[in-house]
$ cat upload.cif   # mmCIF, C-alpha atoms and all ligand atoms
data_entry
loop_
_atom_site.label_atom_id
_atom_site.label_comp_id
_atom_site.auth_asym_id
_atom_site.auth_seq_id
_atom_site.Cartn_x
_atom_site.Cartn_y
_atom_site.Cartn_z
CA MET A 12 -17.50 7.08 20.35
CA ALA A 13 -16.37 3.47 20.07
CA THR A 14 -14.04 4.25 17.16
CA ASN A 15 -12.02 6.63 19.38
CA SER A 16 -11.26 3.96 21.95
CA LEU A 17 -10.22 1.72 19.08
CA ILE A 18 -7.75 4.39 17.96
CA GLN A 19 -6.18 4.68 21.42
CA ILE A 20 -5.85 0.96 22.06
CA GLN A 21 -5.09 -0.62 18.75
CA ASP A 22 -3.82 1.75 16.08
CA ILE A 23 -0.50 -0.05 15.57
CA ASP A 24 -2.14 -3.50 15.76
CA ILE A 25 -4.68 -2.44 13.16
CA HIS A 26 -2.08 -1.28 10.66
CA ASP A 27 -0.10 -4.50 11.17
CA GLU A 28 -3.15 -6.74 10.85
CA VAL A 29 -4.39 -4.96 7.72
CA ARG A 30 -0.94 -4.92 6.13
CA GLY A 31 -0.51 -8.66 6.76
CA HIS A 32 -3.94 -9.41 5.31
CA TYR A 33 -3.30 -7.52 2.07
CA ALA A 34 0.36 -8.56 1.80
CA THR A 35 -0.79 -12.18 1.57
CA ARG A 36 -3.40 -11.37 -1.04
CA ALA A 37 -1.01 -9.34 -3.18
CA ALA A 38 1.69 -12.02 -2.91
CA ASN A 39 -0.80 -14.68 -4.02
CA LEU A 40 -1.63 -12.66 -7.13
CA LEU A 41 2.04 -11.99 -7.85
CA ASP A 42 2.64 -15.75 -7.61
CA GLY A 43 -0.36 -16.47 -9.83
CA ALA A 44 -1.75 -18.55 -6.94
CA ALA A 45 -5.13 -16.81 -6.55
CA THR A 46 -7.66 -14.35 -7.90
CA ALA A 47 -9.05 -11.30 -5.99
CA SER A 48 -12.59 -10.19 -4.59
CA CYS A 49 -14.23 -7.34 -2.66
CA CYS A 50 -11.87 -6.62 0.24
CA ALA A 51 -11.25 -10.27 1.13
CA GLU A 52 -10.41 -11.53 -2.36
CA PRO A 53 -10.03 -9.51 -5.59
CA CYS A 54 -13.31 -8.70 -7.45
CA SER A 55 -13.52 -5.70 -9.84
CA CYS A 56 -16.99 -5.12 -8.38
CA GLY A 57 -19.06 -2.12 -9.31
CA TYR A 58 -17.37 -1.01 -12.55
CA PRO A 59 -19.31 -0.73 -15.81
CA ALA A 60 -18.43 -3.77 -17.98
CA ASP A 61 -16.70 -1.68 -20.66
CA ALA A 62 -14.52 0.23 -18.13
CA LEU A 63 -12.15 -2.71 -17.70
CA ALA A 64 -12.26 -4.04 -21.27
CA ALA A 65 -9.00 -2.40 -22.33
CA LEU A 66 -6.98 -3.94 -19.50
CA PRO A 67 -5.34 -7.40 -19.35
CA ALA A 68 -7.62 -9.81 -17.42
CA ASP A 69 -5.21 -10.36 -14.52
CA VAL A 70 -4.73 -6.60 -14.11
CA ALA A 71 -8.49 -5.99 -14.11
CA GLN A 72 -8.92 -8.70 -11.48
CA ALA A 73 -6.49 -7.09 -9.04
CA SER A 74 -9.27 -5.27 -7.23
CA TRP A 75 -10.30 -5.41 -3.59
CA GLY A 76 -12.67 -2.47 -3.87
CA CYS A 77 -16.33 -2.09 -2.95
CA GLY A 78 -17.55 0.23 -5.70
CA ASP A 79 -16.57 2.48 -8.58
CA PRO A 80 -15.03 5.81 -7.55
CA ILE A 81 -13.79 6.38 -11.11
CA SER A 82 -17.24 7.06 -12.60
CA LEU A 83 -17.98 9.32 -9.65
CA ALA A 84 -14.77 11.29 -10.13
CA ALA A 85 -15.62 12.32 -13.73
CA LEU A 86 -11.92 12.85 -14.42
CA GLN A 87 -10.67 15.27 -17.07
CA LEU A 88 -7.49 15.50 -19.14
CA GLY A 89 -4.58 17.07 -17.31
CA GLN A 90 -5.78 16.51 -13.75
CA ARG A 91 -3.56 15.38 -10.86
CA VAL A 92 -5.18 12.46 -9.06
CA LEU A 93 -4.38 10.77 -5.75
CA ASP A 94 -5.69 7.31 -4.78
CA LEU A 95 -5.74 6.56 -1.03
CA GLY A 96 -4.90 2.86 -0.48
CA SER A 97 -4.17 2.11 -4.11
CA GLY A 98 -3.78 -1.68 -3.70
CA GLY A 99 -3.02 -3.42 -7.00
CA GLY A 100 -3.39 -0.13 -8.85
CA LEU A 101 -6.63 -0.71 -10.78
CA ASP A 102 -8.23 2.66 -10.00
CA CYS A 103 -4.90 4.40 -10.67
CA LEU A 104 -4.72 2.75 -14.10
CA LEU A 105 -8.29 3.71 -14.95
CA ALA A 106 -7.59 7.26 -13.74
CA ALA A 107 -4.34 7.50 -15.74
CA GLN A 108 -6.20 6.52 -18.93
CA ARG A 109 -8.68 9.33 -18.29
CA VAL A 110 -6.30 12.18 -17.33
CA GLY A 111 -3.96 11.41 -20.24
CA LYS A 112 -0.30 12.28 -20.72
CA SER A 113 -0.78 15.80 -19.38
CA GLY A 114 -2.20 14.42 -16.14
CA TRP A 115 -0.56 12.53 -13.29
CA VAL A 116 -1.75 9.85 -10.86
CA ILE A 117 -0.28 9.02 -7.44
CA GLY A 118 -1.23 5.90 -5.51
CA VAL A 119 -0.39 5.64 -1.80
CA ASP A 120 -0.36 2.34 0.07
CA MET A 121 1.28 0.98 3.24
CA THR A 122 1.68 -2.63 2.02
CA PRO A 123 4.94 -3.21 0.07
CA GLU A 124 3.53 -6.29 -1.68
CA MET A 125 0.59 -4.25 -2.96
CA LEU A 126 3.00 -1.58 -4.24
CA SER A 127 4.94 -4.31 -6.09
CA LEU A 128 1.73 -5.66 -7.63
CA ALA A 129 0.68 -2.15 -8.65
CA TRP A 130 4.05 -1.40 -10.32
CA ARG A 131 3.89 -4.76 -12.13
CA ASN A 132 0.39 -3.98 -13.40
CA VAL A 133 1.41 -0.52 -14.60
CA ALA A 134 4.32 -2.06 -16.50
CA LYS A 135 1.94 -4.57 -18.11
CA VAL A 136 -0.36 -1.80 -19.31
CA GLY A 137 2.49 0.49 -20.32
CA LEU A 138 1.31 3.79 -18.87
CA HIS A 139 3.88 6.42 -17.83
CA ASN A 140 1.77 8.93 -15.92
CA ILE A 141 1.47 6.97 -12.65
CA GLU A 142 3.60 6.63 -9.56
CA PHE A 143 3.09 4.71 -6.32
CA ARG A 144 4.34 5.92 -2.97
CA TYR A 145 4.75 3.98 0.25
CA GLY A 146 2.89 5.65 3.10
CA HIS A 147 -0.03 5.81 5.49
CA ILE A 148 -3.17 7.63 4.51
CA GLU A 149 -3.24 9.20 7.98
CA HIS A 150 0.06 10.99 7.12
CA LEU A 151 0.10 11.35 3.35
CA PRO A 152 3.49 11.62 1.60
CA VAL A 153 2.02 14.28 -0.68
CA GLU A 154 2.49 18.05 -0.71
CA SER A 155 -0.31 20.39 0.33
CA ASP A 156 -2.72 21.90 -2.22
CA SER A 157 -1.32 19.78 -5.07
CA ILE A 158 -4.15 17.42 -6.08
CA ASP A 159 -7.28 18.01 -8.21
CA VAL A 160 -9.16 14.79 -7.40
CA ILE A 161 -8.77 12.26 -4.58
CA LEU A 162 -10.07 8.71 -5.04
CA SER A 163 -10.38 5.96 -2.47
CA ASN A 164 -11.93 2.52 -2.80
CA CYS A 165 -12.68 0.42 0.26
CA VAL A 166 -9.77 1.65 2.38
CA ILE A 167 -10.82 4.32 4.90
CA ASN A 168 -12.92 1.80 6.85
CA LEU A 169 -9.60 0.06 7.59
CA SER A 170 -8.04 3.12 9.19
CA PRO A 171 -7.82 3.40 12.99
CA ASP A 172 -8.01 7.21 12.65
CA LYS A 173 -10.55 8.16 9.98
CA PRO A 174 -10.71 11.88 10.97
CA ALA A 175 -6.95 12.10 10.33
CA VAL A 176 -7.46 10.60 6.86
CA PHE A 177 -10.08 13.22 6.02
CA ARG A 178 -7.88 16.05 7.37
CA GLU A 179 -4.98 14.83 5.23
CA ALA A 180 -7.21 14.54 2.16
CA TYR A 181 -8.32 18.12 2.72
CA ARG A 182 -4.73 19.32 3.15
CA VAL A 183 -3.43 17.88 -0.13
CA LEU A 184 -6.44 18.88 -2.29
CA ARG A 185 -6.43 22.13 -4.21
CA THR A 186 -9.22 24.66 -3.73
CA LYS A 187 -12.37 23.32 -5.45
CA GLY A 188 -10.76 19.87 -5.55
CA LYS A 189 -13.02 16.82 -5.42
CA PHE A 190 -13.02 13.80 -3.10
CA ALA A 191 -14.71 10.79 -4.75
CA LEU A 192 -14.77 7.68 -2.63
CA SER A 193 -16.30 4.27 -2.22
CA ASP A 194 -16.21 2.72 1.24
CA VAL A 195 -17.95 0.48 3.77
CA VAL A 196 -20.02 2.16 6.49
CA ALA A 197 -22.58 0.95 9.05
CA ASP A 198 -26.12 1.83 10.05
CA GLY A 199 -25.16 2.01 13.74
CA ASP A 200 -22.21 1.91 16.12
CA ILE A 201 -20.17 -1.30 15.91
CA PRO A 202 -20.27 -3.08 19.32
CA ALA A 203 -16.95 -3.29 21.21
CA SER A 204 -16.87 -7.08 20.83
CA ALA A 205 -16.89 -6.77 17.03
CA LEU A 206 -14.40 -3.87 17.08
CA ALA A 207 -11.87 -6.16 18.73
CA ASP A 208 -12.08 -8.64 15.83
CA LEU A 209 -9.11 -7.50 13.74
CA GLU A 210 -9.61 -10.20 11.12
CA SER A 211 -13.14 -8.91 10.50
CA LEU A 212 -11.73 -5.39 10.36
CA ALA A 213 -9.16 -6.41 7.74
CA ARG A 214 -12.00 -7.84 5.63
CA CYS A 215 -13.62 -4.36 5.56
CA ALA A 216 -16.39 -5.19 8.04
CA SER A 217 -15.95 -4.32 11.73
CA GLY A 218 -13.94 -1.16 11.07
CA ALA A 219 -16.95 0.46 9.42
CA MET A 220 -18.05 3.77 10.94
CA LYS A 221 -21.69 4.72 11.37
CA GLU A 222 -22.66 6.52 8.16
CA SER A 223 -23.77 9.76 9.82
CA ASP A 224 -20.54 9.94 11.89
CA TYR A 225 -18.51 9.23 8.74
CA LEU A 226 -20.13 12.10 6.84
CA ASP A 227 -19.75 14.39 9.87
CA ALA A 228 -16.03 13.54 10.03
CA ILE A 229 -15.63 14.53 6.36
CA ARG A 230 -17.40 17.84 7.04
CA ALA A 231 -15.34 18.41 10.20
CA ALA A 232 -12.17 18.24 8.08
CA GLY A 233 -13.50 21.24 6.11
CA PHE A 234 -15.20 19.60 3.11
CA GLN A 235 -18.45 21.01 1.73
CA ASP A 236 -21.24 19.60 -0.46
CA VAL A 237 -20.73 16.22 1.19
CA HIS A 238 -23.30 13.71 0.05
CA VAL A 239 -23.93 10.02 -0.49
CA VAL A 240 -24.38 9.18 -4.18
CA ASP A 241 -25.54 5.58 -3.71
CA ARG A 242 -25.60 2.65 -1.27
CA THR A 243 -25.18 -1.06 -2.14
CA SER A 244 -24.27 -4.51 -0.80
CA ALA A 245 -25.76 -4.52 2.71
CA ALA A 246 -24.86 -7.39 5.06
CA THR A 247 -25.36 -8.03 8.77
CA LEU A 248 -22.12 -7.92 10.75
CA PRO A 249 -21.88 -11.41 12.37
CA GLY A 250 -22.80 -11.44 16.04
CA THR A 251 -24.48 -8.01 15.89
CA ASP A 252 -27.66 -6.42 14.56
CA VAL A 253 -25.65 -3.79 12.66
CA GLN A 254 -25.79 -3.65 8.87
CA THR A 255 -22.66 -2.74 6.93
CA TYR A 256 -22.88 -1.59 3.32
CA SER A 257 -20.97 0.19 0.56
CA VAL A 258 -21.47 3.88 -0.06
CA ARG A 259 -20.12 6.21 -2.69
CA VAL A 260 -19.55 9.71 -1.35
CA GLU A 261 -18.47 12.92 -3.04
CA ALA A 262 -17.22 16.05 -1.31
CA TYR A 263 -15.43 19.26 -2.29
CA LYS A 264 -12.76 21.53 -0.81
CA PRO A 265 -14.25 25.02 -0.83
C1 LIG B 301 -9.47 -3.40 0.50
S1 LIG B 301 -7.91 -3.03 -0.23
C2 LIG B 301 -8.43 -1.91 -1.52
C3 LIG B 301 -7.36 -1.69 -2.56
C4 LIG B 301 -7.76 -0.82 -3.74
N1 LIG B 301 -8.24 0.48 -3.34
C5 LIG B 301 -8.79 -1.52 -4.59
O1 LIG B 301 -9.88 -0.97 -4.78
O2 LIG B 301 -8.51 -2.62 -5.07
C6 LIG B 301 -7.19 -1.93 0.97
C7 LIG B 301 -5.82 -1.38 0.61
O3 LIG B 301 -5.56 -0.26 1.44
C8 LIG B 301 -4.28 -0.36 2.00
N2 LIG B 301 -4.36 0.31 3.31
C9 LIG B 301 -5.16 -0.01 4.34
N3 LIG B 301 -5.00 0.84 5.36
C10 LIG B 301 -4.07 1.74 4.96
C11 LIG B 301 -3.47 2.87 5.59
N4 LIG B 301 -3.80 3.23 6.82
N5 LIG B 301 -2.54 3.57 4.89
C12 LIG B 301 -2.19 3.19 3.63
N6 LIG B 301 -2.72 2.12 2.99
C13 LIG B 301 -3.66 1.41 3.66
C14 LIG B 301 -3.99 -1.84 2.07
O4 LIG B 301 -2.61 -2.09 2.07
C15 LIG B 301 -4.68 -2.35 0.80
O5 LIG B 301 -3.82 -2.30 -0.30
#
$ encode --input "upload.cif" --output "C-alpha cells"
Amino acid sequence: MATNSLIQIQDIDIHDEVRGHYATRAANLLDGAATASCCAEPCSCGYPADALAALPADVAQASWGCGDPISLAALQLGQRVLDLGSGGGLDCLLAAQRVGKSGWVIGVDMTPEMLSLAWRNVAKVGLHNIEFRYGHIEHLPVESDSIDVILSNCVINLSPDKPAVFREAYRVLRTKGKFALSDVVADGDIPASALADLESLARCASGAMKESDYLDAIRAAGFQDVHVVDRTSAATLPGTDVQTYSVRVEAYKP
C-alpha cells in the first residue's frame, strides 16, 4: 500500500514538516497576528453554535479541526479523556467542561508552540481538570488501560504510521472505552506524486488514507463496532482524481 512506502521513506520528514506547519500557526495566534481555520488556518468548523458560546472568542477560534468529535463522544461526568493531537486545546476544553471536576482530560501534541497555546487557553478559561503532554501519537505518553474516551480531530491523517496510532489508542483505552474521532480520508489511494507533497500533507490533504483501509486499520488494532457516523466537506486532491473528505468515526475496545 502506498502509505507503507511513505512510512519507510519519510516518517521523520513528515513529523518535522507537520510540526513546522503547526508551530507557525500556533505562534501566529500567540502573537495575535492571525486567526485559525480547518487544518490550514483555525476554524471551529463543525461544532453546534451553542457549544462554543461559553468560551472567549480567541480561545474558540484556536481550532484546526475538521469536525466535532465532542458531540460524538457523548461525554459523562467523571470520565478520563485523551485527545490525540490536541492543538490549541479547544476539544480538551469542551471535554473538560463536560466531564466536570471529577473527570480529567489529557491532550497530547508534538508541537511545543501548540502546547503553549493550549496552556494559555486553559488559563484563560480557568479550568483545572486538564493537562497537556508533549509526545507523538504513535508512542503515547499515557499508561495502558487508563482512558475512558479518546478524541481526535483532524490529526491521524498527518501521521506517517496510522496503524501504530490505532494500536496505541487501543492500548491506553479501558475495556469498553470509546474512540470518537473526526479526520480526513480519501475515496481511493493517493498517488505517489501527491504523497511526496509534504506541504499538502501538512494541510490535511495528501496524507489521507483510503476510507476502507482506514477503517480496516482501526479494526486490525482490535477495535469493534467501528463505523462512520457522517461524511462532509469533499474536495478533489489537486493533480489527482481522488476525493478527500471529513469523516466522523466511532469505535469501541471490547
Ligand atoms: C490539524 S491540527 C488539529 C489540532 C486540534 N485537534 C484541533 O482540532 O484544533 C493537527 C495537530 O496535531 C499535531 N500532530 C500532528 N501529528 C502528530 C503526531 N504524530 N503526534 C502528535 N501530535 C501530532 C500537530 O502538532 C497539530 O497540533
$ closest_atom_pairs --input "upload.cif" --of "stretch 105-207 of chain A" --to "stretch 36-45 of chain A" --cutoff "7 Å" --atoms "only C-alpha atoms" --output "CSV"
residue,atom,partner,partner_atom,distance
A:Glu124,CA,A:Ala37,CA,5.7
A:Met125,CA,A:Ala37,CA,5.3
A:Leu128,CA,A:Leu41,CA,6.3
$ residues_near_ligand --input "upload.cif" --ligand "ligand LIG 301 (chain B)" --cutoff "8 Å" --atoms "all atoms listed in the file" --output "count of residues only"
48
$ closest_residue --input "upload.cif" --among "A:Asp200, A:Asp79, A:Asp236, A:Glu179" --to "A:Leu105" --atoms "all atoms listed in the file"
A:Asp79
$ atom_distance --input "upload.cif" --atom1 "atom CA of A:Asn132" --atom2 "atom CA of A:Gly114"
18.8 Å
$ residues_around --input "upload.cif" --residues "A:Asn168" --least-positions-apart "3" --cutoff "9 Å" --atoms "only C-alpha atoms" --output "PyMOL selection string"
chain A and resi 165+171+173+194-196+212+215-220
$ atom_distance --input "upload.cif" --atom1 "atom CA of A:Ile81" --atom2 "atom CA of A:Ala245"
21.3 Å
$ closest_residue --input "upload.cif" --among "A:Val240, A:Cys56, A:Val153, A:Val70" --to "A:Ala191" --atoms "only C-alpha atoms"
A:Val240
$ atom_distance --input "upload.cif" --atom1 "atom CA of A:Ile141" --atom2 "atom CA of A:Val176"
21.8 Å
$ residues_around --input "upload.cif" --residues "A:Lys189" --least-positions-apart "5" --cutoff "7 Å" --atoms "only C-alpha atoms" --output "list in words"
Asp159, Val160, Ile161, Ala262, Tyr263 and Lys264 of chain A
$ closest_residue --input "upload.cif" --among "A:Ala180, A:Ala246, A:Cys103, A:Leu206" --to "A:Ala232" --atoms "only C-alpha atoms"
A:Ala180
